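Below is one structure, written out as structure tokens; comments come after it.
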Amino acid sequence: MTRHYGMDWLRIAAFALLILYHIGMVFVPWNFHVKSPNGEDWTRLPMMATNAWRLPLLFVVSGYATRALIRRSDGLGAFLANRSWRLLVPLAFGIAVIVPPQPWVELVTKRGYAHDFLYFWAYDYFRFGKLGGIVLPTWNHLWFIGYLWVYTLGLALLVAIVRGEWLQRWFDRAFGGWGVIVIPMAWALAVHAWWFPMAGETHMLIDDTMAHFMYVPYFLFGFGLARSAPAMAALRRLWPVAAAIALAGFATVLLIEYSWPPDVPTPRWVLRPYGAAHALQQWGAIAALLGVADRWLNRDGPARTMLTEAVFPFYIIHQTIIVLVMFWLLPRGLSGPAQFAILVVATVAGCWAFYLGGRAMPFARPLIGLRPRSEMKGQMR
């Protein structure tokens, strides 16, 4: 395998979009840990443009990166040991140290919790039960790391018991033409319009069936794509078709959303058409972005190496920064645009400080998902 710089740039962009999306969650009329009093209904529009595909895309890119990691490892056991260390250490650190301010702010602003953060962390956070309807301790936005580790274990088992070359040949034949559009889209339609018509995700791992039906195939697709020149060529050729399908799906989503706004009861028959439009938007956007990444982004740049390393620490810390800064802004009576601007600047600055500070301290590197310096050359997470 040769390094695909387009997938690096796509991964960087996907995590950047995730951070911006979580800033937007402060303003949209959907549940979040802390809310601005200046939310506007129109803010749902840009959020809905990415809802269908932003998280599935992360699993596709992660599956692609996992294939490269396995091929560079000294055996499957070494891969699992390294991957577990790289994922579980920052996950544990995140649950114990990074995430706790988020439920504390939520309890203070929504449940009238009266104690300060240190009291909450020392006496209430590690209760292994509910407080104000919130299960504590929690992994909140770090659920992605937990899911990725579990999927990696399953993938390693599959690699160990199944002949990979046979599966790769099947993948190349199935996805080397129009199948790269039709097959994943048919699966997405089955998940979102038939089996689980617009069911929600729990991010609790053991009771999140719909999410697993969606994310596992995308993760496996990314794994297969990493060594499939026919599938990548098909994506490169057909991305305009995929983009047109995604836009049509999104237009249908908007039509339904604004025909039955939140204050109007939605008929049950709408769920399946909405799920179908969601599915078309989902895979259409992912396939288009993969094709664009291969056609125009597969080239190195001066910032790529650092950004490729930085996105994981950014992901770990960003939501806590957003929640704390918004909590600090609440009593200050600023306008929505001013709050948004401050959140963007503070989140970007805080993420860079977290990454650069942790990178400089050898003991902190594994806590924020970075390799030891001795392993860095030529590596990609």
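Identifiers for the structure tokens are assigned positionally: chains receive A, B, ... in sequence, residues are indexed from 1 per chain, and ligands are indexed from 1 in the order shown.
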So that I can check the surroundings of range 128-141 of chain A, please list as a PDB file with C-alpha atoms, in the first residue's frame every protein, DNA and RNA residue that reaches within 9 Å of it, counting only C-alpha atoms and ignoring chain neighbours fewer than 2 positions away.
ATOM      1  CA  LEU A  91     -10.344   6.792  26.358  1.00  0.00           C
ATOM      2  CA  ALA A  92      -9.731   6.037  30.040  1.00  0.00           C
ATOM      3  CA  GLY A  94     -10.791  11.141  28.742  1.00  0.00           C
ATOM      4  CA  ILE A  95     -13.536   9.519  30.816  1.00  0.00           C
ATOM      5  CA  ALA A  96     -11.710  10.248  34.089  1.00  0.00           C
ATOM      6  CA  VAL A  99     -15.218  14.550  30.063  1.00  0.00           C
ATOM      7  CA  PRO A 100     -16.342  15.299  33.696  1.00  0.00           C
ATOM      8  CA  GLN A 102     -19.467  18.347  30.580  1.00  0.00           C
ATOM      9  CA  PRO A 103     -21.999  16.554  32.825  1.00  0.00           C
ATOM     10  CA  LEU A 107     -26.359  19.387  35.820  1.00  0.00           C
ATOM     11  CA  LYS A 110     -30.409  22.135  33.600  1.00  0.00           C
ATOM     12  CA  ARG A 111     -30.884  20.369  36.952  1.00  0.00           C
ATOM     13  CA  TYR A 113     -26.901  21.115  40.794  1.00  0.00           C
ATOM     14  CA  ASP A 124     -20.629  12.329  42.414  1.00  0.00           C
ATOM     15  CA  TYR A 125     -18.965  11.629  39.062  1.00  0.00           C
ATOM     16  CA  PHE A 126     -17.702   8.111  39.829  1.00  0.00           C
ATOM     17  CA  TRP A 143     -18.049   7.008  22.407  1.00  0.00           C
ATOM     18  CA  PHE A 144     -16.444   6.932  18.933  1.00  0.00           C
ATOM     19  CA  ILE A 145     -13.161   5.682  20.437  1.00  0.00           C
ATOM     20  CA  GLY A 146     -14.903   2.874  22.284  1.00  0.00           C
ATOM     21  CA  HIS A 203     -23.950   5.653  21.936  1.00  0.00           C
ATOM     22  CA  TYR A 315     -11.137  15.397  19.042  1.00  0.00           C
ATOM     23  CA  ILE A 316     -10.445  14.375  22.641  1.00  0.00           C
ATOM     24  CA  GLN A 319     -16.203  19.306  23.324  1.00  0.00           C
TER      25      GLN A 319
END
Considering only alpha helix (DSSP H) as DSSP defines it on the backbone, what residues of range 234-275 of chain A qualify? List them as a short mmCIF file (atom, residue, chain, number, x, y, z; two decimals) with all heavy atoms, in the first residue's frame.
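Produced file selection_36.cif, reproduced below:
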data_model
loop_
_atom_site.label_atom_id
_atom_site.label_comp_id
_atom_site.auth_asym_id
_atom_site.auth_seq_id
_atom_site.Cartn_x
_atom_site.Cartn_y
_atom_site.Cartn_z
N ALA A 234 -13.68 3.55 -9.41
CA ALA A 234 -15.11 3.74 -9.62
C ALA A 234 -15.60 4.98 -8.87
O ALA A 234 -16.41 5.76 -9.39
CB ALA A 234 -15.87 2.50 -9.16
N LEU A 235 -15.13 5.17 -7.65
CA LEU A 235 -15.51 6.36 -6.89
C LEU A 235 -15.02 7.63 -7.58
O LEU A 235 -15.72 8.65 -7.64
CB LEU A 235 -14.94 6.28 -5.47
CG LEU A 235 -15.59 5.26 -4.54
CD1 LEU A 235 -14.73 5.03 -3.31
CD2 LEU A 235 -16.99 5.72 -4.13
N ARG A 236 -13.81 7.56 -8.09
CA ARG A 236 -13.23 8.71 -8.79
C ARG A 236 -14.06 9.06 -10.03
O ARG A 236 -14.24 10.24 -10.36
CB ARG A 236 -11.79 8.37 -9.19
CG ARG A 236 -11.04 9.47 -9.93
CD ARG A 236 -9.69 8.94 -10.39
NE ARG A 236 -8.95 9.92 -11.17
CZ ARG A 236 -8.05 10.75 -10.67
NH1 ARG A 236 -7.78 10.71 -9.37
NH2 ARG A 236 -7.42 11.60 -11.44
N ARG A 237 -14.58 8.05 -10.70
CA ARG A 237 -15.34 8.26 -11.93
C ARG A 237 -16.80 8.66 -11.66
O ARG A 237 -17.36 9.49 -12.39
CB ARG A 237 -15.31 6.96 -12.76
CG ARG A 237 -15.98 7.07 -14.12
CD ARG A 237 -15.82 5.78 -14.91
NE ARG A 237 -16.56 4.66 -14.33
CZ ARG A 237 -16.01 3.65 -13.67
NH1 ARG A 237 -14.70 3.61 -13.45
NH2 ARG A 237 -16.77 2.67 -13.19
N LEU A 238 -17.39 8.10 -10.61
CA LEU A 238 -18.83 8.26 -10.40
C LEU A 238 -19.19 9.28 -9.33
O LEU A 238 -20.37 9.41 -9.00
CB LEU A 238 -19.43 6.89 -10.01
CG LEU A 238 -19.32 5.79 -11.06
CD1 LEU A 238 -19.80 4.46 -10.49
CD2 LEU A 238 -20.11 6.15 -12.31
N TRP A 239 -18.21 10.01 -8.80
CA TRP A 239 -18.53 10.92 -7.72
C TRP A 239 -19.57 11.98 -8.10
O TRP A 239 -20.40 12.35 -7.24
CB TRP A 239 -17.26 11.59 -7.18
CG TRP A 239 -16.70 12.69 -8.03
CD1 TRP A 239 -15.70 12.60 -8.96
CD2 TRP A 239 -17.11 14.06 -8.04
NE1 TRP A 239 -15.46 13.81 -9.54
CE2 TRP A 239 -16.31 14.74 -8.99
CE3 TRP A 239 -18.06 14.79 -7.33
CZ2 TRP A 239 -16.45 16.10 -9.26
CZ3 TRP A 239 -18.20 16.14 -7.59
CH2 TRP A 239 -17.40 16.78 -8.54
N PRO A 240 -19.63 12.47 -9.36
CA PRO A 240 -20.71 13.44 -9.66
C PRO A 240 -22.10 12.83 -9.52
O PRO A 240 -23.04 13.51 -9.08
CB PRO A 240 -20.41 13.85 -11.10
CG PRO A 240 -18.96 13.56 -11.31
CD PRO A 240 -18.72 12.33 -10.52
N VAL A 241 -22.25 11.57 -9.90
CA VAL A 241 -23.54 10.89 -9.74
C VAL A 241 -23.89 10.77 -8.26
O VAL A 241 -25.03 11.05 -7.85
CB VAL A 241 -23.50 9.49 -10.39
CG1 VAL A 241 -24.81 8.76 -10.17
CG2 VAL A 241 -23.19 9.61 -11.87
N ALA A 242 -22.91 10.37 -7.46
CA ALA A 242 -23.14 10.25 -6.02
C ALA A 242 -23.51 11.60 -5.41
O ALA A 242 -24.41 11.68 -4.56
CB ALA A 242 -21.89 9.69 -5.34
N ALA A 243 -22.84 12.67 -5.84
CA ALA A 243 -23.15 13.99 -5.31
C ALA A 243 -24.56 14.42 -5.68
O ALA A 243 -25.28 15.01 -4.85
CB ALA A 243 -22.14 15.01 -5.84
N ALA A 244 -25.01 14.11 -6.89
CA ALA A 244 -26.36 14.46 -7.31
C ALA A 244 -27.40 13.71 -6.47
O ALA A 244 -28.42 14.28 -6.07
CB ALA A 244 -26.55 14.15 -8.79
N ILE A 245 -27.13 12.43 -6.18
CA ILE A 245 -28.03 11.64 -5.35
C ILE A 245 -28.09 12.23 -3.94
O ILE A 245 -29.16 12.34 -3.34
CB ILE A 245 -27.59 10.17 -5.31
CG1 ILE A 245 -27.75 9.54 -6.70
CG2 ILE A 245 -28.40 9.39 -4.27
CD1 ILE A 245 -27.16 8.15 -6.80
N ALA A 246 -26.92 12.61 -3.41
CA ALA A 246 -26.88 13.20 -2.06
C ALA A 246 -27.69 14.49 -2.00
O ALA A 246 -28.43 14.73 -1.04
CB ALA A 246 -25.43 13.45 -1.65
N LEU A 247 -27.56 15.33 -3.00
CA LEU A 247 -28.30 16.60 -3.02
C LEU A 247 -29.80 16.34 -3.13
O LEU A 247 -30.60 17.05 -2.47
CB LEU A 247 -27.82 17.45 -4.19
CG LEU A 247 -26.41 18.04 -4.04
CD1 LEU A 247 -25.98 18.73 -5.33
CD2 LEU A 247 -26.36 19.02 -2.86
N ALA A 248 -30.20 15.36 -3.92
CA ALA A 248 -31.62 15.04 -4.02
C ALA A 248 -32.16 14.52 -2.69
O ALA A 248 -33.27 14.88 -2.26
CB ALA A 248 -31.84 14.00 -5.12
N GLY A 249 -31.36 13.67 -2.02
CA GLY A 249 -31.78 13.19 -0.71
C GLY A 249 -31.91 14.30 0.30
O GLY A 249 -32.87 14.36 1.08
N PHE A 250 -30.95 15.24 0.29
CA PHE A 250 -30.99 16.35 1.24
C PHE A 250 -32.17 17.26 0.96
O PHE A 250 -32.83 17.75 1.88
CB PHE A 250 -29.69 17.13 1.17
CG PHE A 250 -29.63 18.31 2.11
CD1 PHE A 250 -29.96 18.15 3.45
CD2 PHE A 250 -29.24 19.56 1.66
CE1 PHE A 250 -29.91 19.23 4.33
CE2 PHE A 250 -29.18 20.64 2.52
CZ PHE A 250 -29.52 20.48 3.85
N ALA A 251 -32.48 17.50 -0.32
CA ALA A 251 -33.64 18.32 -0.66
C ALA A 251 -34.92 17.69 -0.13
O ALA A 251 -35.81 18.39 0.38
CB ALA A 251 -33.72 18.49 -2.18
N THR A 252 -35.02 16.37 -0.20
CA THR A 252 -36.20 15.67 0.33
C THR A 252 -36.26 15.77 1.85
O THR A 252 -37.33 15.96 2.43
CB THR A 252 -36.18 14.20 -0.11
OG1 THR A 252 -36.06 14.13 -1.54
CG2 THR A 252 -37.45 13.49 0.32
N VAL A 253 -35.10 15.64 2.49
CA VAL A 253 -35.05 15.81 3.95
C VAL A 253 -35.56 17.19 4.34
O VAL A 253 -36.37 17.34 5.27
CB VAL A 253 -33.61 15.58 4.46
CG1 VAL A 253 -33.47 16.08 5.90
CG2 VAL A 253 -33.24 14.11 4.38
N LEU A 254 -35.11 18.22 3.65
CA LEU A 254 -35.54 19.58 3.96
C LEU A 254 -37.04 19.75 3.74
O LEU A 254 -37.74 20.39 4.54
CB LEU A 254 -34.78 20.58 3.11
CG LEU A 254 -33.30 20.78 3.42
CD1 LEU A 254 -32.69 21.82 2.49
CD2 LEU A 254 -33.10 21.20 4.88
N LEU A 255 -37.54 19.19 2.65
CA LEU A 255 -38.97 19.28 2.37
C LEU A 255 -39.79 18.68 3.51
O LEU A 255 -40.78 19.27 3.96
CB LEU A 255 -39.28 18.57 1.05
CG LEU A 255 -40.76 18.51 0.64
CD1 LEU A 255 -41.30 19.91 0.40
CD2 LEU A 255 -40.94 17.64 -0.60
N ILE A 256 -39.37 17.52 3.98
CA ILE A 256 -40.11 16.87 5.07
C ILE A 256 -39.94 17.64 6.37
O ILE A 256 -40.90 17.85 7.12
CB ILE A 256 -39.63 15.41 5.23
CG1 ILE A 256 -40.00 14.60 3.97
CG2 ILE A 256 -40.24 14.77 6.48
CD1 ILE A 256 -39.43 13.20 3.96
N GLU A 257 -38.72 18.08 6.67
CA GLU A 257 -38.46 18.81 7.91
C GLU A 257 -39.32 20.07 8.01
O GLU A 257 -39.88 20.37 9.06
CB GLU A 257 -36.98 19.19 8.00
CG GLU A 257 -36.05 18.05 8.38
CD GLU A 257 -36.04 17.77 9.87
OE1 GLU A 257 -36.69 18.53 10.63
OE2 GLU A 257 -35.39 16.78 10.26
N TYR A 258 -39.41 20.81 6.91
CA TYR A 258 -40.14 22.07 6.96
C TYR A 258 -41.63 21.91 6.69
O TYR A 258 -42.41 22.84 6.90
CB TYR A 258 -39.50 23.08 6.01
CG TYR A 258 -38.18 23.59 6.55
CD1 TYR A 258 -36.97 23.06 6.11
CD2 TYR A 258 -38.15 24.55 7.55
CE1 TYR A 258 -35.76 23.50 6.63
CE2 TYR A 258 -36.96 24.99 8.09
CZ TYR A 258 -35.76 24.47 7.62
OH TYR A 258 -34.57 24.89 8.16
N SER A 259 -42.05 20.71 6.25
CA SER A 259 -43.47 20.42 6.15
C SER A 259 -44.05 20.04 7.50
O SER A 259 -45.21 20.32 7.79
CB SER A 259 -43.71 19.28 5.14
OG SER A 259 -43.31 19.64 3.85
N LEU A 271 -41.95 8.52 8.33
CA LEU A 271 -40.66 8.03 8.80
C LEU A 271 -39.90 7.28 7.71
O LEU A 271 -38.68 7.46 7.55
CB LEU A 271 -40.85 7.13 10.03
CG LEU A 271 -41.33 7.84 11.30
CD1 LEU A 271 -41.48 6.82 12.43
CD2 LEU A 271 -40.36 8.93 11.71
N ARG A 272 -40.58 6.41 6.97
CA ARG A 272 -39.86 5.63 5.95
C ARG A 272 -39.38 6.50 4.79
O ARG A 272 -38.22 6.36 4.36
CB ARG A 272 -40.72 4.47 5.47
CG ARG A 272 -40.97 3.42 6.56
CD ARG A 272 -41.53 2.13 6.00
NE ARG A 272 -41.97 1.22 7.04
CZ ARG A 272 -41.16 0.43 7.74
NH1 ARG A 272 -39.87 0.43 7.48
NH2 ARG A 272 -41.65 -0.37 8.67
N PRO A 273 -40.20 7.38 4.22
CA PRO A 273 -39.65 8.28 3.19
C PRO A 273 -38.51 9.15 3.71
O PRO A 273 -37.53 9.38 3.00
CB PRO A 273 -40.87 9.13 2.79
CG PRO A 273 -42.05 8.31 3.14
CD PRO A 273 -41.66 7.53 4.36
N TYR A 274 -38.62 9.62 4.95
CA TYR A 274 -37.55 10.42 5.52
C TYR A 274 -36.28 9.58 5.67
O TYR A 274 -35.17 10.03 5.33
CB TYR A 274 -37.97 10.96 6.88
CG TYR A 274 -37.03 11.98 7.47
CD1 TYR A 274 -37.26 13.33 7.33
CD2 TYR A 274 -35.89 11.58 8.19
CE1 TYR A 274 -36.40 14.28 7.86
CE2 TYR A 274 -35.02 12.51 8.72
CZ TYR A 274 -35.29 13.86 8.57
OH TYR A 274 -34.43 14.80 9.10
N GLY A 275 -36.45 8.34 6.15
CA GLY A 275 -35.30 7.45 6.28
C GLY A 275 -34.66 7.15 4.94
O GLY A 275 -33.43 7.07 4.84
#
Q: Find the residue from A:Ala229, A:Tyr151, A:Asp116, A:Gln339 that sits nearest to Phe171 in chain A; use only C-alpha atoms when measuring.
A: A:Ala229
Long-range neighbours of Pro217 in chain A as a short mmCIF file (atom, residue, chain, number, x, y, z; two decimals) with C-alpha atoms, in the first residue's frame, 10 Å cut-off, only C-alpha atoms, 4 positions minimum in chain:
data_model
loop_
_atom_site.label_atom_id
_atom_site.label_comp_id
_atom_site.auth_asym_id
_atom_site.auth_seq_id
_atom_site.Cartn_x
_atom_site.Cartn_y
_atom_site.Cartn_z
CA PRO A 56 -20.33 7.27 8.93
CA PHE A 59 -15.77 5.08 10.26
CA VAL A 60 -14.99 4.66 6.56
CA GLY A 63 -11.36 1.42 8.38
CA PRO A 184 -23.85 0.54 0.11
CA TRP A 187 -27.79 -1.27 2.68
CA ALA A 188 -28.32 2.27 3.96
CA HIS A 212 -23.83 -0.93 14.68
CA PHE A 213 -25.82 -1.94 11.58
CA PHE A 221 -15.89 -0.88 3.48
CA GLY A 222 -13.06 1.48 4.36
CA PHE A 223 -10.87 -1.52 5.21
#
Q.
Applying 12 Å and only C-alpha atoms, which residues near Val159 in chain A remain after dropping the ones on its own chain fewer than 2 positions away? List them as a PyMOL selection string.
A. chain A and resi 66-67+70-71+75-77+79-80+152-157+161-168+220+223-224
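The residues of range 68-261 of chain A that DSSP classifies as strand (DSSP E), using the backbone of this structure, are Gly129, Lys130, Leu131, Ile134, Val135 and Leu136 of chain A.
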Those same residues - N, CA, C and O atoms - I'd like them written as a compact mmCIF listing (two decimals), in the first residue's frame.
# COMPACT_ATOMS: atom_id res chain seq x y z
N GLY A 129 -23.82 5.26 38.50
CA GLY A 129 -25.28 5.30 38.56
C GLY A 129 -25.75 6.61 37.97
O GLY A 129 -24.99 7.33 37.32
N LYS A 130 -27.01 6.95 38.18
CA LYS A 130 -27.58 8.15 37.60
C LYS A 130 -27.64 9.29 38.61
O LYS A 130 -27.87 9.08 39.79
N LEU A 131 -27.44 10.49 38.08
CA LEU A 131 -27.62 11.72 38.85
C LEU A 131 -28.31 12.72 37.94
O LEU A 131 -27.77 13.07 36.89
N ILE A 134 -28.59 11.57 34.36
CA ILE A 134 -27.36 11.36 33.60
C ILE A 134 -26.59 10.20 34.20
O ILE A 134 -26.33 10.18 35.41
N VAL A 135 -26.22 9.22 33.38
CA VAL A 135 -25.42 8.09 33.85
C VAL A 135 -23.98 8.55 34.04
O VAL A 135 -23.37 9.13 33.13
N LEU A 136 -23.45 8.28 35.21
CA LEU A 136 -22.08 8.69 35.56
C LEU A 136 -21.29 7.50 36.08
O LEU A 136 -21.84 6.67 36.80
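You can rank A:Thr50, A:Val89, A:Ser62, A:Trp328 by their closest distance to Leu367 in chain A using only C-alpha atoms, and at the top of that list sits A:Val89.
For the pair CA of Leu158 in chain A and CA of Gly6 in chain A, the interatomic distance is 27.1 Å.
Comparing A:Val150, A:Val216, A:Ala174, A:Leu280 by their smallest distance to Ala193 in chain A, the closest is A:Leu280 (using only C-alpha atoms).
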Q.
Restricting the calculation to only C-alpha atoms: of A:Trp149, A:Trp121, A:Tyr64, A:Trp296, which residue gets closest to Tyr218 in chain A?
A. A:Tyr64
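By only C-alpha atoms, and with residues fewer than 3 positions from Arg86 in chain A along its chain excluded, the set lying at most 9 Å from it is Ala81, Asn82, Arg83, Val89, Pro90, Leu91, Pro366, Leu367, Ile368, Gly369, Leu370, Arg371 and Arg381 of chain A.
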Writer output for current selection, N, CA and C atoms, as a short mmCIF file (atom, residue, chain, number, x, y, z; two decimals), in the first residue's frame:
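Output file selection.cif is given in full below:
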data_model
loop_
_atom_site.label_atom_id
_atom_site.label_comp_id
_atom_site.auth_asym_id
_atom_site.auth_seq_id
_atom_site.Cartn_x
_atom_site.Cartn_y
_atom_site.Cartn_z
N ALA A 81 -2.26 -5.12 20.20
CA ALA A 81 -1.67 -4.52 21.40
C ALA A 81 -1.45 -3.02 21.21
N ASN A 82 -0.89 -2.66 20.06
CA ASN A 82 -0.62 -1.25 19.80
C ASN A 82 -1.91 -0.45 19.68
N ARG A 83 -2.89 -1.03 18.96
CA ARG A 83 -4.15 -0.31 18.76
C ARG A 83 -4.91 -0.15 20.06
N VAL A 89 -6.04 3.89 26.32
CA VAL A 89 -5.41 4.81 27.27
C VAL A 89 -6.04 6.21 27.17
N PRO A 90 -6.13 6.82 25.97
CA PRO A 90 -6.81 8.12 25.91
C PRO A 90 -8.28 8.05 26.25
N LEU A 91 -8.93 6.92 25.98
CA LEU A 91 -10.34 6.79 26.36
C LEU A 91 -10.50 6.82 27.87
N PRO A 366 0.82 9.41 25.32
CA PRO A 366 -0.19 8.35 25.20
C PRO A 366 -1.56 8.76 25.73
N LEU A 367 -1.60 9.70 26.67
CA LEU A 367 -2.87 10.14 27.23
C LEU A 367 -3.72 10.88 26.21
N ILE A 368 -3.08 11.55 25.26
CA ILE A 368 -3.82 12.29 24.24
C ILE A 368 -3.77 11.61 22.88
N GLY A 369 -3.38 10.34 22.87
CA GLY A 369 -3.46 9.54 21.66
C GLY A 369 -2.28 9.66 20.72
N LEU A 370 -1.14 10.13 21.20
CA LEU A 370 0.04 10.27 20.35
C LEU A 370 1.03 9.13 20.59
N ARG A 371 1.74 8.74 19.54
CA ARG A 371 2.78 7.72 19.66
C ARG A 371 4.00 8.31 20.35
N ARG A 381 -2.03 7.46 12.06
CA ARG A 381 -2.97 6.83 12.98
C ARG A 381 -4.12 6.21 12.19
#
Which residues come within 7 Å of range 349-352 of chain A, counting only C-alpha atoms, excluding same-chain residues fewer than 2 positions away, as a PDB file with N, CA and C atoms, in the first residue's frame?
ATOM      1  N   PHE A 314      -7.223  16.917  19.194  1.00  0.00           N
ATOM      2  CA  PHE A 314      -8.286  17.903  19.012  1.00  0.00           C
ATOM      3  C   PHE A 314      -9.640  17.280  19.335  1.00  0.00           C
ATOM      4  N   ILE A 317     -10.336  16.755  23.204  1.00  0.00           N
ATOM      5  CA  ILE A 317     -10.536  17.901  24.085  1.00  0.00           C
ATOM      6  C   ILE A 317     -11.626  18.859  23.630  1.00  0.00           C
ATOM      7  N   HIS A 318     -12.003  18.865  22.368  1.00  0.00           N
ATOM      8  CA  HIS A 318     -12.775  19.983  21.825  1.00  0.00           C
ATOM      9  C   HIS A 318     -14.113  20.203  22.512  1.00  0.00           C
ATOM     10  N   ILE A 321     -13.967  21.953  25.882  1.00  0.00           N
ATOM     11  CA  ILE A 321     -13.708  23.384  25.718  1.00  0.00           C
ATOM     12  C   ILE A 321     -14.988  24.114  25.331  1.00  0.00           C
ATOM     13  N   VAL A 345     -13.040  30.681  18.139  1.00  0.00           N
ATOM     14  CA  VAL A 345     -11.672  31.087  18.445  1.00  0.00           C
ATOM     15  C   VAL A 345     -11.145  30.343  19.674  1.00  0.00           C
ATOM     16  N   ALA A 346     -11.951  30.285  20.727  1.00  0.00           N
ATOM     17  CA  ALA A 346     -11.514  29.639  21.970  1.00  0.00           C
ATOM     18  C   ALA A 346     -11.299  28.141  21.776  1.00  0.00           C
ATOM     19  N   THR A 347     -12.172  27.494  20.997  1.00  0.00           N
ATOM     20  CA  THR A 347     -12.034  26.056  20.781  1.00  0.00           C
ATOM     21  C   THR A 347     -10.794  25.735  19.971  1.00  0.00           C
ATOM     22  N   PHE A 354      -3.735  22.244  23.833  1.00  0.00           N
ATOM     23  CA  PHE A 354      -3.795  20.880  24.369  1.00  0.00           C
ATOM     24  C   PHE A 354      -2.867  19.964  23.589  1.00  0.00           C
ATOM     25  N   TYR A 355      -2.911  20.060  22.263  1.00  0.00           N
ATOM     26  CA  TYR A 355      -2.082  19.203  21.418  1.00  0.00           C
ATOM     27  C   TYR A 355      -0.598  19.526  21.565  1.00  0.00           C
ATOM     28  N   LEU A 356      -0.237  20.792  21.432  1.00  0.00           N
ATOM     29  CA  LEU A 356       1.171  21.163  21.477  1.00  0.00           C
ATOM     30  C   LEU A 356       1.773  20.932  22.860  1.00  0.00           C
TER      31      LEU A 356
END
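Atom to atom, CA of Ser84 in chain A and CA of Leu55 in chain A stand 21.3 Å apart.
For Glu201 in chain A, the residues within 8 Å (counting only C-alpha atoms, excluding itself and residues fewer than 6 positions away along the chain) are A:Asp208, A:Met210, A:Ala211.
One finds CA of Phe340 in chain A at 21.7 Å from CA of Trp104 in chain A.
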